[in-house]
Amino acid sequence: ALGAGEDVINQDFLDERMRSIAGHVVDDMGLPLDDILIRLKDADTLSIIKTYRTTASGSFRFTVSPGEYLICEVDRENWSSVGDSDGGNKNEIYADARAGNSVQNVFVDKPD
């Protein structure tokens, strides 16, 4: 503890601007899908950082520190993923939020 008139020196602090990772889930006709579980994972450790269920408009949003993430969609029962905005694994999108927001993320599903 500091006493009256004492100073602490050589302390460095970093004030980072938070980032947004956002997108939506739609069916193969472009209609929004609500209540879809979205998991946000750290891209390096693959640990789940946050979860979110899509809104009535099919949207999801996470507020995060700058970094690299994986957005993972859990398919609704009797539904399958048919595509996503990065073209790779249909249930996973890489989101680079190091320099800015990542908000154009889309998952497309269809009933089995």
# chains A, B, ... in the order shown; residues from 1 in each chain; ligands from 1
$ residues_around --residues "Asp112 (chain A)" --least-positions-apart "2" --cutoff "10 Å" --atoms "only C-alpha atoms" --output "ChimeraX atom specification"
/A:77-81,109-110
$ write_last_selection --atoms "C-alpha atoms" --output "mmCIF file, in the first residue's frame"
data_model
loop_
_atom_site.group_PDB
_atom_site.id
_atom_site.type_symbol
_atom_site.label_atom_id
_atom_site.label_comp_id
_atom_site.auth_asym_id
_atom_site.auth_seq_id
_atom_site.Cartn_x
_atom_site.Cartn_y
_atom_site.Cartn_z
ATOM 1 C CA GLU A 77 -31.826 -30.728 -34.658
ATOM 2 C CA ASN A 78 -32.823 -32.073 -38.108
ATOM 3 C CA TRP A 79 -30.962 -29.231 -39.860
ATOM 4 C CA SER A 80 -27.584 -29.175 -41.619
ATOM 5 C CA SER A 81 -25.158 -26.433 -42.536
ATOM 6 C CA ASP A 109 -28.544 -23.976 -42.926
ATOM 7 C CA LYS A 110 -31.306 -26.119 -44.396
#
$ residues_around --residues "Ser65 (chain A)" --least-positions-apart "4" --cutoff "8 Å" --atoms "only C-alpha atoms" --output "PyMOL selection string"
chain A and resi 16-19+97
$ atom_distance --atom1 "CA of Gly23 (chain A)" --atom2 "CA of Gln104 (chain A)"
5.4 Å
$ select_by_dssp --residues "chain A" --states "strand (DSSP E)" --output "mmCIF file with N, CA and C atoms, in the first residue's frame"
data_model
loop_
_atom_site.group_PDB
_atom_site.id
_atom_site.type_symbol
_atom_site.label_atom_id
_atom_site.label_comp_id
_atom_site.auth_asym_id
_atom_site.auth_seq_id
_atom_site.Cartn_x
_atom_site.Cartn_y
_atom_site.Cartn_z
ATOM 1 N N ARG A 19 -13.535 -4.928 -29.734
ATOM 2 C CA ARG A 19 -13.939 -5.253 -31.100
ATOM 3 C C ARG A 19 -15.304 -5.933 -31.086
ATOM 4 N N SER A 20 -15.982 -5.881 -32.230
ATOM 5 C CA SER A 20 -17.241 -6.605 -32.417
ATOM 6 C C SER A 20 -17.029 -7.731 -33.404
ATOM 7 N N ILE A 21 -17.559 -8.881 -33.058
ATOM 8 C CA ILE A 21 -17.657 -10.003 -33.985
ATOM 9 C C ILE A 21 -19.145 -10.279 -34.102
ATOM 10 N N ALA A 22 -19.670 -10.198 -35.318
ATOM 11 C CA ALA A 22 -21.114 -10.305 -35.495
ATOM 12 C C ALA A 22 -21.445 -10.975 -36.818
ATOM 13 N N GLY A 23 -22.697 -11.342 -36.946
ATOM 14 C CA GLY A 23 -23.177 -11.946 -38.181
ATOM 15 C C GLY A 23 -24.589 -12.439 -38.004
ATOM 16 N N HIS A 24 -24.974 -13.376 -38.864
ATOM 17 C CA HIS A 24 -26.311 -13.934 -38.743
ATOM 18 C C HIS A 24 -26.371 -15.343 -39.320
ATOM 19 N N VAL A 25 -27.453 -16.035 -38.972
ATOM 20 C CA VAL A 25 -27.713 -17.384 -39.458
ATOM 21 C C VAL A 25 -29.021 -17.335 -40.233
ATOM 22 N N VAL A 26 -28.985 -17.872 -41.456
ATOM 23 C CA VAL A 26 -30.176 -17.886 -42.312
ATOM 24 C C VAL A 26 -30.398 -19.295 -42.852
ATOM 25 N N ASP A 27 -31.627 -19.524 -43.346
ATOM 26 C CA ASP A 27 -31.877 -20.795 -44.021
ATOM 27 C C ASP A 27 -31.486 -20.661 -45.485
ATOM 28 N N LEU A 37 -27.447 -21.830 -31.436
ATOM 29 C CA LEU A 37 -26.318 -21.665 -30.524
ATOM 30 C C LEU A 37 -25.048 -21.345 -31.311
ATOM 31 N N ILE A 38 -24.410 -20.234 -30.931
ATOM 32 C CA ILE A 38 -23.143 -19.808 -31.521
ATOM 33 C C ILE A 38 -22.103 -19.797 -30.402
ATOM 34 N N ARG A 39 -20.978 -20.451 -30.663
ATOM 35 C CA ARG A 39 -19.875 -20.475 -29.698
ATOM 36 C C ARG A 39 -18.704 -19.693 -30.272
ATOM 37 N N LEU A 40 -18.103 -18.862 -29.457
ATOM 38 C CA LEU A 40 -16.908 -18.131 -29.859
ATOM 39 C C LEU A 40 -15.714 -18.772 -29.173
ATOM 40 N N LYS A 41 -14.726 -19.186 -29.985
ATOM 41 C CA LYS A 41 -13.542 -19.857 -29.452
ATOM 42 C C LYS A 41 -12.292 -19.036 -29.731
ATOM 43 N N ASP A 42 -11.327 -19.144 -28.848
ATOM 44 C CA ASP A 42 -10.003 -18.591 -29.086
ATOM 45 C C ASP A 42 -9.373 -19.401 -30.221
ATOM 46 N N ILE A 48 -13.668 -22.383 -25.537
ATOM 47 C CA ILE A 48 -14.873 -21.567 -25.717
ATOM 48 C C ILE A 48 -14.777 -20.362 -24.792
ATOM 49 N N ILE A 49 -14.923 -19.175 -25.393
ATOM 50 C CA ILE A 49 -14.825 -17.929 -24.641
ATOM 51 C C ILE A 49 -16.206 -17.414 -24.257
ATOM 52 N N LYS A 50 -17.120 -17.461 -25.229
ATOM 53 C CA LYS A 50 -18.476 -16.951 -25.022
ATOM 54 C C LYS A 50 -19.448 -17.778 -25.847
ATOM 55 N N THR A 51 -20.722 -17.749 -25.447
ATOM 56 C CA THR A 51 -21.783 -18.363 -26.248
ATOM 57 C C THR A 51 -22.906 -17.353 -26.415
ATOM 58 N N TYR A 52 -23.716 -17.562 -27.447
ATOM 59 C CA TYR A 52 -24.817 -16.645 -27.750
ATOM 60 C C TYR A 52 -25.864 -17.424 -28.530
ATOM 61 N N ARG A 53 -27.125 -17.108 -28.338
ATOM 62 C CA ARG A 53 -28.201 -17.680 -29.157
ATOM 63 C C ARG A 53 -28.725 -16.581 -30.068
ATOM 64 N N SER A 59 -29.533 -12.838 -35.874
ATOM 65 C CA SER A 59 -28.235 -12.195 -35.658
ATOM 66 C C SER A 59 -27.571 -12.630 -34.354
ATOM 67 N N PHE A 60 -26.257 -12.449 -34.343
ATOM 68 C CA PHE A 60 -25.460 -12.670 -33.140
ATOM 69 C C PHE A 60 -24.372 -11.610 -33.091
ATOM 70 N N ARG A 61 -23.887 -11.316 -31.876
ATOM 71 C CA ARG A 61 -22.832 -10.312 -31.702
ATOM 72 C C ARG A 61 -22.059 -10.604 -30.418
ATOM 73 N N PHE A 62 -20.751 -10.511 -30.532
ATOM 74 C CA PHE A 62 -19.861 -10.650 -29.380
ATOM 75 C C PHE A 62 -18.995 -9.401 -29.288
ATOM 76 N N THR A 63 -18.710 -8.951 -28.085
ATOM 77 C CA THR A 63 -17.752 -7.878 -27.851
ATOM 78 C C THR A 63 -16.508 -8.529 -27.245
ATOM 79 N N VAL A 64 -15.360 -8.318 -27.902
ATOM 80 C CA VAL A 64 -14.138 -9.036 -27.530
ATOM 81 C C VAL A 64 -12.923 -8.113 -27.548
ATOM 82 N N GLU A 68 -7.707 -13.208 -32.578
ATOM 83 C CA GLU A 68 -8.194 -14.123 -33.603
ATOM 84 C C GLU A 68 -9.128 -15.134 -32.946
ATOM 85 N N TYR A 69 -10.257 -15.363 -33.599
ATOM 86 C CA TYR A 69 -11.311 -16.184 -33.016
ATOM 87 C C TYR A 69 -11.893 -17.133 -34.057
ATOM 88 N N LEU A 70 -12.601 -18.142 -33.572
ATOM 89 C CA LEU A 70 -13.406 -19.023 -34.409
ATOM 90 C C LEU A 70 -14.846 -18.893 -33.943
ATOM 91 N N ILE A 71 -15.739 -18.610 -34.896
ATOM 92 C CA ILE A 71 -17.167 -18.564 -34.612
ATOM 93 C C ILE A 71 -17.713 -19.930 -35.005
ATOM 94 N N CYS A 72 -18.320 -20.633 -34.070
ATOM 95 C CA CYS A 72 -18.786 -21.999 -34.322
ATOM 96 C C CYS A 72 -20.295 -22.077 -34.129
ATOM 97 N N GLU A 73 -20.967 -22.597 -35.129
ATOM 98 C CA GLU A 73 -22.419 -22.754 -35.084
ATOM 99 C C GLU A 73 -22.764 -24.194 -34.738
ATOM 100 N N VAL A 74 -23.746 -24.374 -33.861
ATOM 101 C CA VAL A 74 -24.269 -25.701 -33.534
ATOM 102 C C VAL A 74 -25.591 -25.844 -34.280
ATOM 103 N N TRP A 79 -31.445 -30.241 -38.924
ATOM 104 C CA TRP A 79 -30.962 -29.231 -39.860
ATOM 105 C C TRP A 79 -29.484 -29.496 -40.113
ATOM 106 N N SER A 80 -28.998 -29.044 -41.269
ATOM 107 C CA SER A 80 -27.584 -29.175 -41.619
ATOM 108 C C SER A 80 -27.067 -27.863 -42.180
ATOM 109 N N SER A 81 -25.797 -27.608 -41.948
ATOM 110 C CA SER A 81 -25.158 -26.433 -42.536
ATOM 111 C C SER A 81 -24.843 -26.709 -43.996
ATOM 112 N N VAL A 82 -25.111 -25.721 -44.842
ATOM 113 C CA VAL A 82 -24.815 -25.866 -46.275
ATOM 114 C C VAL A 82 -23.784 -24.857 -46.756
ATOM 115 N N GLY A 83 -23.392 -23.926 -45.903
ATOM 116 C CA GLY A 83 -22.377 -22.960 -46.303
ATOM 117 C C GLY A 83 -22.154 -21.916 -45.231
ATOM 118 N N ASP A 84 -21.095 -21.156 -45.417
ATOM 119 C CA ASP A 84 -20.831 -20.009 -44.552
ATOM 120 C C ASP A 84 -19.980 -19.001 -45.311
ATOM 121 N N GLU A 92 -17.989 -23.332 -39.021
ATOM 122 C CA GLU A 92 -16.922 -22.588 -38.361
ATOM 123 C C GLU A 92 -16.426 -21.474 -39.280
ATOM 124 N N ILE A 93 -16.323 -20.273 -38.723
ATOM 125 C CA ILE A 93 -15.813 -19.121 -39.469
ATOM 126 C C ILE A 93 -14.644 -18.524 -38.688
ATOM 127 N N TYR A 94 -13.530 -18.299 -39.377
ATOM 128 C CA TYR A 94 -12.382 -17.613 -38.782
ATOM 129 C C TYR A 94 -12.689 -16.120 -38.739
ATOM 130 N N ALA A 95 -12.490 -15.495 -37.580
ATOM 131 C CA ALA A 95 -12.741 -14.062 -37.422
ATOM 132 C C ALA A 95 -11.477 -13.384 -36.912
ATOM 133 N N ASP A 96 -10.914 -12.502 -37.729
ATOM 134 C CA ASP A 96 -9.720 -11.755 -37.350
ATOM 135 C C ASP A 96 -10.156 -10.397 -36.809
ATOM 136 N N SER A 102 -15.152 -7.684 -37.045
ATOM 137 C CA SER A 102 -15.458 -8.746 -38.005
ATOM 138 C C SER A 102 -16.968 -8.963 -37.942
ATOM 139 N N VAL A 103 -17.703 -8.330 -38.865
ATOM 140 C CA VAL A 103 -19.167 -8.292 -38.722
ATOM 141 C C VAL A 103 -19.950 -8.837 -39.918
ATOM 142 N N GLN A 104 -19.293 -9.388 -40.899
ATOM 143 C CA GLN A 104 -19.988 -9.908 -42.082
ATOM 144 C C GLN A 104 -19.977 -11.437 -42.094
ATOM 145 N N ASN A 105 -20.246 -12.048 -40.971
ATOM 146 C CA ASN A 105 -20.163 -13.498 -40.827
ATOM 147 C C ASN A 105 -21.546 -14.119 -40.981
ATOM 148 N N VAL A 106 -21.665 -15.082 -41.905
ATOM 149 C CA VAL A 106 -22.972 -15.667 -42.216
ATOM 150 C C VAL A 106 -22.873 -17.187 -42.250
ATOM 151 N N PHE A 107 -23.818 -17.840 -41.577
ATOM 152 C CA PHE A 107 -24.000 -19.287 -41.667
ATOM 153 C C PHE A 107 -25.303 -19.547 -42.407
ATOM 154 N N VAL A 108 -25.311 -20.568 -43.285
ATOM 155 C CA VAL A 108 -26.512 -20.939 -44.038
ATOM 156 C C VAL A 108 -26.841 -22.397 -43.725
ATOM 157 N N ASP A 109 -28.084 -22.639 -43.292
ATOM 158 C CA ASP A 109 -28.544 -23.976 -42.926
ATOM 159 C C ASP A 109 -29.786 -24.347 -43.729
ATOM 160 N N LYS A 110 -30.060 -25.663 -43.774
ATOM 161 C CA LYS A 110 -31.306 -26.119 -44.396
ATOM 162 C C LYS A 110 -31.821 -27.329 -43.636
ATOM 163 N N PRO A 111 -33.135 -27.540 -43.686
ATOM 164 C CA PRO A 111 -33.685 -28.716 -43.010
ATOM 165 C C PRO A 111 -33.236 -29.989 -43.710
#
